[in-house]
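Chemist: Structure file query-v3.txt, compact mmCIF, C-alpha atoms, is pasted below:
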```
# COMPACT_ATOMS: atom_id res chain seq x y z
CA MET V 181 -15.67 5.90 -60.01
CA SER V 182 -13.96 6.35 -56.72
CA VAL V 183 -13.92 3.01 -54.95
CA GLU V 184 -14.74 -0.55 -55.93
CA ILE V 185 -15.59 -3.12 -53.28
CA VAL V 186 -15.98 -6.88 -53.44
CA LEU V 187 -18.23 -8.25 -50.71
CA ILE V 188 -19.31 -11.70 -49.62
CA PRO V 189 -22.67 -12.06 -47.87
CA LEU V 190 -22.47 -13.32 -44.29
CA ALA V 191 -24.69 -16.22 -45.40
CA ILE V 192 -21.70 -17.60 -47.31
CA ALA V 193 -18.58 -18.77 -45.51
CA ALA V 194 -15.23 -17.82 -47.00
CA ALA V 195 -14.22 -21.49 -46.95
CA SER V 196 -14.25 -23.39 -50.22
CA ALA V 197 -17.38 -25.36 -51.00
CA TRP V 198 -18.01 -29.10 -50.55
CA LYS V 199 -15.00 -30.86 -49.11
CA ALA V 200 -15.67 -34.55 -48.54
CA SER V 201 -14.09 -36.65 -45.82
CA ARG V 202 -14.77 -39.91 -44.02
CA PRO V 203 -14.13 -39.49 -40.30
CA ALA V 204 -12.73 -42.76 -38.98
CA GLY V 205 -14.43 -44.48 -36.06
CA ARG V 206 -13.02 -47.42 -34.08
CA SER V 207 -14.32 -49.85 -36.67
CA GLY V 208 -13.57 -47.76 -39.77
CA PRO V 209 -15.35 -44.85 -41.45
CA THR V 210 -18.79 -44.29 -39.96
CA TYR V 211 -20.25 -41.86 -42.47
CA LEU V 212 -19.36 -39.59 -45.38
CA GLN V 213 -19.12 -35.96 -44.36
CA VAL V 214 -19.20 -33.06 -46.83
CA ALA V 215 -18.36 -29.54 -45.64
CA THR V 216 -20.21 -26.69 -47.31
CA ARG V 217 -19.95 -22.88 -47.32
CA MET V 218 -23.58 -22.40 -46.27
CA ARG V 219 -24.48 -20.57 -43.07
CA ASP V 220 -28.14 -19.52 -43.28
CA ARG V 221 -30.66 -22.13 -42.14
CA SER V 222 -33.73 -20.76 -43.91
CA LEU V 223 -31.89 -20.23 -47.20
CA LEU V 224 -30.49 -23.75 -46.92
CA GLN V 225 -33.97 -25.17 -46.39
CA ARG V 226 -35.24 -23.37 -49.50
CA ALA V 227 -32.23 -24.49 -51.53
CA LEU V 228 -32.78 -28.10 -50.47
CA GLY V 229 -36.32 -27.79 -51.77
CA ASP V 230 -34.95 -26.35 -55.03
CA VAL V 231 -32.84 -29.48 -55.59
CA GLY V 232 -35.75 -31.80 -54.94
CA ALA V 233 -35.13 -32.78 -51.32
CA THR V 234 -37.82 -33.31 -48.72
CA VAL V 235 -36.70 -31.52 -45.59
CA THR V 236 -37.62 -32.31 -42.01
CA GLU V 237 -36.33 -30.48 -38.95
CA HIS V 238 -34.92 -32.24 -35.92
CA ASP V 239 -33.94 -29.62 -33.36
CA ALA V 240 -30.69 -28.11 -34.68
CA GLN V 241 -30.44 -30.63 -37.52
CA LEU V 242 -32.06 -30.82 -40.92
CA GLN V 243 -32.84 -34.16 -42.53
CA ALA V 244 -32.81 -34.01 -46.33
CA SER V 245 -34.23 -36.94 -48.28
CA TRP V 246 -34.14 -37.67 -51.98
CA ASP V 247 -35.49 -40.77 -53.72
CA THR V 248 -32.33 -42.81 -53.29
CA ILE V 249 -30.29 -40.98 -50.68
CA ALA V 250 -30.63 -39.02 -47.47
CA ALA V 251 -28.38 -36.65 -45.58
CA THR V 252 -28.33 -35.13 -42.15
CA MET V 253 -27.27 -31.49 -42.08
CA THR V 254 -25.63 -30.13 -38.96
CA GLN V 255 -24.01 -26.81 -38.15
CA THR V 256 -20.42 -26.49 -36.92
CA ALA V 257 -19.47 -24.25 -34.00
CA ASP V 258 -18.71 -21.44 -36.44
CA GLY V 259 -22.12 -21.74 -38.06
CA ILE V 260 -21.22 -23.56 -41.27
CA TRP V 261 -23.48 -26.41 -42.39
CA THR V 262 -22.06 -29.88 -42.98
CA ALA V 263 -23.82 -32.77 -44.71
CA HIS V 264 -23.51 -36.30 -43.34
CA PHE V 265 -24.30 -39.23 -45.63
CA PRO V 266 -24.42 -42.96 -44.76
CA SER V 267 -20.98 -44.58 -45.00
CA GLU V 268 -21.89 -46.61 -48.09
CA THR V 269 -22.62 -43.42 -50.07
CA GLN V 270 -20.35 -42.89 -53.05
CA GLU V 271 -18.31 -39.73 -52.68
CA GLU V 272 -19.04 -38.68 -56.27
CA HIS V 273 -22.77 -38.94 -55.70
CA ALA V 274 -22.62 -36.88 -52.52
CA THR V 275 -20.39 -34.17 -53.95
CA GLU V 276 -22.59 -33.92 -57.05
CA LEU V 277 -25.62 -33.38 -54.84
CA LEU V 278 -23.76 -30.80 -52.77
CA ARG V 279 -22.55 -29.03 -55.89
CA ASP V 280 -26.14 -28.64 -57.08
CA LEU V 281 -27.18 -27.58 -53.60
CA ASP V 282 -24.40 -24.98 -53.46
CA ILE V 283 -25.59 -23.46 -56.76
CA ALA V 284 -29.20 -23.39 -55.54
CA TYR V 285 -28.12 -21.89 -52.21
CA ALA V 286 -26.07 -19.16 -53.92
CA ARG V 287 -29.09 -18.19 -56.01
CA ARG V 288 -31.20 -17.98 -52.86
CA VAL V 289 -28.51 -15.76 -51.34
CA GLN V 290 -28.59 -13.57 -54.45
CA GLU V 291 -32.37 -13.22 -54.16
CA ALA V 292 -32.11 -12.38 -50.47
CA VAL V 293 -29.37 -9.80 -51.01
CA VAL V 294 -31.29 -8.05 -53.79
CA ALA V 295 -34.52 -8.06 -51.77
CA ARG V 296 -32.74 -6.65 -48.71
CA LEU V 297 -31.07 -3.98 -50.80
CA ARG V 298 -34.37 -2.85 -52.32
CA GLU V 299 -35.94 -2.74 -48.88
CA GLN V 300 -33.13 -1.07 -46.94
CA ALA V 301 -31.64 1.33 -49.50
CA PRO V 302 -34.22 4.14 -49.06
CA SER V 303 -33.38 4.43 -45.36
CA ALA V 304 -29.76 5.10 -46.40
CA GLY V 305 -30.73 7.86 -48.80
CA MET V 306 -30.39 5.63 -51.86
CA THR V 307 -33.06 5.48 -54.53
CA ILE V 308 -33.10 2.94 -57.35
CA GLU V 309 -32.51 4.43 -60.77
CA SER V 310 -32.39 1.16 -62.65
CA GLU V 311 -32.31 -2.58 -62.20
CA ARG V 312 -31.51 -5.22 -64.77
CA ILE V 313 -30.61 -8.87 -65.04
CA GLU V 314 -27.47 -9.55 -67.07
CA PRO V 315 -27.11 -12.54 -69.42
CA ASP V 316 -25.04 -14.35 -66.76
CA ARG V 317 -27.91 -13.77 -64.24
CA THR V 318 -26.01 -11.10 -62.34
CA VAL V 319 -28.47 -8.51 -61.00
CA THR V 320 -27.22 -4.94 -61.48
CA LEU V 321 -28.83 -2.16 -59.46
CA VAL V 322 -27.95 1.51 -59.92
CA PHE V 323 -28.76 3.80 -57.00
CA ASN V 324 -28.77 7.57 -56.85
CA VAL V 325 -27.31 8.75 -53.57
CA ALA V 326 -28.70 11.70 -51.65
CA ARG V 327 -25.95 14.30 -51.52
CA GLY V 328 -24.60 14.83 -48.03
CA TYR V 329 -25.51 11.38 -46.74
CA ARG V 330 -23.09 10.09 -44.12
CA MET A 1455 -20.71 17.74 -66.35
CA ASN A 1456 -22.54 14.88 -64.70
CA ASP A 1457 -22.13 15.40 -60.95
CA ARG A 1458 -24.61 12.77 -59.81
CA GLN A 1459 -23.54 10.52 -57.01
CA GLN A 1460 -24.36 6.89 -57.60
CA ILE A 1461 -23.66 3.44 -56.26
CA ILE A 1462 -23.74 0.51 -58.66
CA VAL A 1463 -24.23 -2.89 -57.05
CA ARG A 1464 -23.81 -6.13 -58.99
CA VAL A 1465 -25.04 -9.28 -57.25
CA ALA A 1466 -23.76 -12.39 -59.02
CA PRO A 1467 -25.64 -15.71 -59.05
CA ASP A 1468 -22.81 -17.21 -56.97
CA GLY A 1469 -23.62 -14.71 -54.23
CA ALA A 1470 -20.59 -12.45 -54.73
CA ILE A 1471 -21.23 -8.72 -54.73
CA LEU A 1472 -19.31 -6.01 -56.57
CA ALA A 1473 -20.14 -2.44 -55.60
CA GLU A 1474 -18.70 0.76 -56.99
CA THR A 1475 -19.28 4.39 -56.20
CA VAL A 1476 -19.60 6.91 -59.01
CA GLY A 1477 -19.16 10.66 -58.64
CA ILE A 1478 -18.24 10.42 -54.96
CA LYS A 1479 -14.80 11.96 -54.72
CA GLY A 1480 -12.19 11.92 -51.99
CA ASP A 1481 -12.52 10.22 -48.62
CA SER A 1482 -16.32 10.46 -48.54
CA CYS A 1483 -16.52 7.36 -50.76
CA LEU A 1484 -15.08 5.35 -47.86
CA ASP A 1485 -18.20 6.05 -45.80
CA TYR A 1486 -20.09 3.81 -48.19
CA ILE A 1487 -18.03 0.70 -47.48
CA GLU A 1488 -19.47 0.34 -43.99
CA LEU A 1489 -22.91 1.36 -45.22
CA LEU A 1490 -22.89 -1.29 -47.94
CA GLU A 1491 -21.67 -3.97 -45.54
CA ARG A 1492 -24.62 -3.17 -43.28
CA LEU A 1493 -27.17 -2.91 -46.08
CA LEU A 1494 -26.02 -6.10 -47.74
CA GLU A 1495 -25.22 -8.07 -44.56
CA ALA A 1496 -21.85 -8.74 -46.13
CA THR A 1497 -18.12 -8.51 -45.47
CA THR A 1498 -15.66 -6.66 -47.67
CA VAL A 1499 -13.03 -9.04 -49.01
CA ASP A 1500 -11.35 -6.69 -51.47
CA SER A 1501 -11.40 -3.02 -52.38
CA ALA A 1502 -9.60 -0.69 -54.74
CA PHE A 1503 -9.52 3.04 -55.24
CA THR A 1504 -10.11 4.39 -58.69
CA ALA A 1505 -8.91 7.62 -60.26
CA GLU A 1506 -11.83 9.62 -58.90
CA TYR A 1507 -10.76 8.95 -55.31
CA HIS A 1508 -7.73 11.16 -55.83
CA GLN A 1509 -9.83 14.09 -57.04
CA SER A 1510 -10.88 16.70 -54.52
CA PRO A 1511 -14.60 16.98 -53.83
CA THR A 1512 -15.97 20.14 -55.47
CA VAL A 1513 -18.95 21.72 -53.76
CA SER A 1514 -20.63 24.79 -55.19
CA THR A 1515 -22.04 27.57 -53.01
CA ASN A 1516 -25.56 26.54 -53.93
CA GLU A 1517 -24.90 22.99 -52.85
CA VAL A 1518 -23.50 24.12 -49.51
CA ASN A 1519 -26.59 26.25 -48.88
CA ARG A 1520 -28.88 23.40 -49.85
CA ASP A 1521 -27.00 21.02 -47.55
CA VAL A 1522 -27.25 23.44 -44.64
CA GLN A 1523 -30.99 23.82 -45.18
CA GLN A 1524 -31.44 20.10 -45.52
CA TRP A 1525 -29.53 19.17 -42.40
```
Would you put the structure from the file into structure tokens?

Modeler:
Amino acid sequence: MSVEIVLIPLAIAAASAWKASRPAGRSGPTYLQVATRMRDRSLLQRALGDVGATVTEHDAQLQASWDTIAATMTQTADGIWTAHFPSETQEEHATELLRDLDIAYARRVQEAVVARLREQAPSAGMTIESERIEPDRTVTLVFNVARGYR
Amino acid sequence: MNDRQQIIVRVAPDGAILAETVGIKGDSCLDYIELLERLLEATTVDSAFTAEYHQSPTVSTNEVNRDVQQW
């Protein structure tokens, strides 16, 4: 070994996941807001489907509906998605939903990263020697590198 | 002696990626940080050199000739 690198996909913000708050309006809290670490719209849409939501698009927003609850997803100026629930929503319920969504989103990111790696590696002189899925669902890919690649 | 050059990439279900170079000695391993960031559409948040980094790259005459022909 010569160097080890830890990377975070751009689709995931470095911020910690699901932080709930109730922004106060003039007449009290208007809605329950939960910050996420998700950045990628298409991966978010797929993850919402994975956790059983029906998703409709409204311009820059996504409306996610479950049987008993709905949320509006909007993106902050720095590209991170935030979920907005009606003010009467229990914080525990919302954070539980967002926790499940975060797990589903991360798996979608994993899929996307592995797919991109398989697709792009040959152009960088890397050929796959092996690929396996570990018991913890980590995907390990071993690439042979063309000598002299820069 | 196994002189293959390899990159091992582990993509965790939480989205985190751990990559390591194997058999790539000296500064040339650093070239792969930028390459991996581009390939993975990711940002490096931590890195560490391992013992092999401090070894000098050894290139045989045959390898030099092959590289010249290839490039």

Chemist: So the first atom is atom CA of V:Arg312 and the second is atom CA of V:Leu278; what is the distance between them in Å, to one decimal place?

Modeler: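 Atom CA of V:Arg312 sits 29.3 Å away from atom CA of V:Leu278.
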
Chemist: Between atom CA of V:Thr318 and atom CA of A:Ile1471, what is the spacing in Å?

Modeler: 9.3 Å

Chemist: Within 10 Å of chain A, which residues of chain V are there when counting all atoms listed in the file? Please give them as a VMD selection string.

Modeler: chain V and resid 181 to 192 194 282 to 301 303 to 304 306 to 314 316 to 330

Chemist: If we count all atoms listed in the file and set the cut-off at 12 Å, which residues sit around V:Glu237, ignoring sequence neighbours fewer than 5 positions away in its own chain? Please answer as a list of chain:residue names.

Modeler: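 Counting only the stated atoms, we get V:Arg221, V:Ser222, V:Leu224, V:Gln225, V:Leu242, V:Gln243, V:Ala244, V:Ser245, V:Thr252, V:Met253, V:Thr254.
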
Chemist: My list of candidates is V:Thr210, V:Ser201, V:Thr216, V:Gln255. Which is closest to V:Ala240 when distances are computed with only C-alpha atoms?

Modeler: V:Gln255

Chemist: What does the structure give for the distance between atom CA of V:Tyr211 and atom CA of V:Glu268, in Å to one decimal?

Modeler: 7.5 Å
